[in-house]
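Asker: Got a structure for you, written out below as structure tokens; questions coming shortly.
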Amino acid sequence: MNWPAVRAIYRFEMSRFWRTAGQSILAPVISTTLYFVVFGAAIGSRVSAVDGVPYGLFIVPGLIMLSLLTQSIANASFGIYFPRFAGTIYEILSAPISPLEVVLGFVGAAASKSILIGLIILATSALFVPLRIDHPLWMLGFLLLTATTFSLFGFVIGLWADGFEKLQLVPLLVVTPLTFLGGSFYSVSMLPPFWHTLSLANPVVYLISGFRWAFFGTADVGIGVSLAMTGLFLVICLGLVTYIFRTGYRLKS
């Protein structure tokens, strides 16, 4: 394993994050504050508790997961797309670096950024509600697993996209709506039977449910099912990345 190469890619990607640290950190803090004002105050005054958890506290895992998914995809997709756009991808392809090392560098940096933002949102939430985390190790594990999985997904999008518009296509039209409809701000058990059954076809439901279980010990679906669905998506993303590097699909375009 060429660890210096992995470290070089990782440090380069992280340096872009720190150069815009004010924007990268301030944006999620402001967004979290607005969500608490709109959902926590306005709706929370009418919905006192969900599954025995105060509504303002109940939405914390959903807020973190919403930012985690979008940031993981955005960071990883832009990180690999920009070298293709600028032509510097040839420097990486001509270097003695294996595909695994390239993925570790880019995906590791994207996941690190997303986890950091998730923890910042968690700290911001503590300013509005008394935090409660029943299973902190499970929470960190879910945070790491989800960030890695969706960073891999973003990496695939960055290789698939042939323009900046396509980088936003999947996150805006697919991932964000699925996250809002996946129980970020409500429990799917509150839905009528038909819509509850339909919601279970949304893969994001399992991510949010498992993450919320780590906080409160309650979930819409079993923790084992949540882990299995997240692991399945991780395997699919790994398979797509492997296929891309084996075939060279759009690596140079």
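Letters for chains follow the order of the structure tokens (A, B, ...), residue numbers begin at 1 for each chain, and ligand numbers begin at 1 in the order shown.
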Pick out the residues sitting within 8 Å of segment 70-85 of chain A, and hand them over as a PyMOL selection string; count only C-alpha atoms, and ignore anything fewer than 5 positions along from it in its own chain.
Answerer: chain A and resi 13+106-107+109-111+113-114+147-148+150-159+161+167-168+171+175-176+251-253
Asker: Among segment 10-251 of chain A, which ones does DSSP place in helix (DSSP H, G or I), written as a PyMOL selection string?
Answerer: chain A and resi 10-19+21-43+55-58+60-86+89-94+99-125+136-160+164-180+188-190+193-199+203-216+223-247
Asker: Name the closest residue to Tyr35 of chain A among the candidates A:Leu119, A:Leu69, A:Leu63, A:Val188; distances are taken between atoms, counting only C-alpha atoms.
Answerer: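 Closest to Tyr35 of chain A of all the choices is A:Leu63.
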Asker: Out of A:Pro61, A:Pro28, A:Gly105, A:Pro99, which residue has the shortest atom-to-atom distance to Pro4 of chain A when counting only C-alpha atoms?
Answerer: A:Gly105
Asker: Could I get the residues of segment 2-98 of chain A with an atom no further than 12 Å from an atom of segment 202-224 of chain A, each paired with its nearest atom pair and that distance in Å to one decimal, using only C-alpha atoms, sorted by chain and residue number, as CSV?
Answerer:
residue,atom,partner,partner_atom,distance
A:Val50,CA,A:Thr218,CA,10.2
A:Asp51,CA,A:Thr218,CA,7.4
A:Gly52,CA,A:Thr218,CA,9.2
A:Val53,CA,A:Phe216,CA,7.7
A:Pro54,CA,A:Phe216,CA,10.7
A:Leu57,CA,A:Phe216,CA,9.5
A:Phe58,CA,A:Arg212,CA,8.0
A:Ile59,CA,A:Arg212,CA,8.9
A:Val60,CA,A:Arg212,CA,8.4
A:Pro61,CA,A:Arg212,CA,5.5
A:Gly62,CA,A:Ile208,CA,6.2
A:Leu63,CA,A:Ile208,CA,9.6
A:Ile64,CA,A:Ile208,CA,9.3
A:Met65,CA,A:Ile208,CA,6.6
A:Leu66,CA,A:Ile208,CA,8.8
A:Ser67,CA,A:Ile208,CA,11.8
A:Leu68,CA,A:Ile208,CA,10.8
A:Leu69,CA,A:Val204,CA,9.5
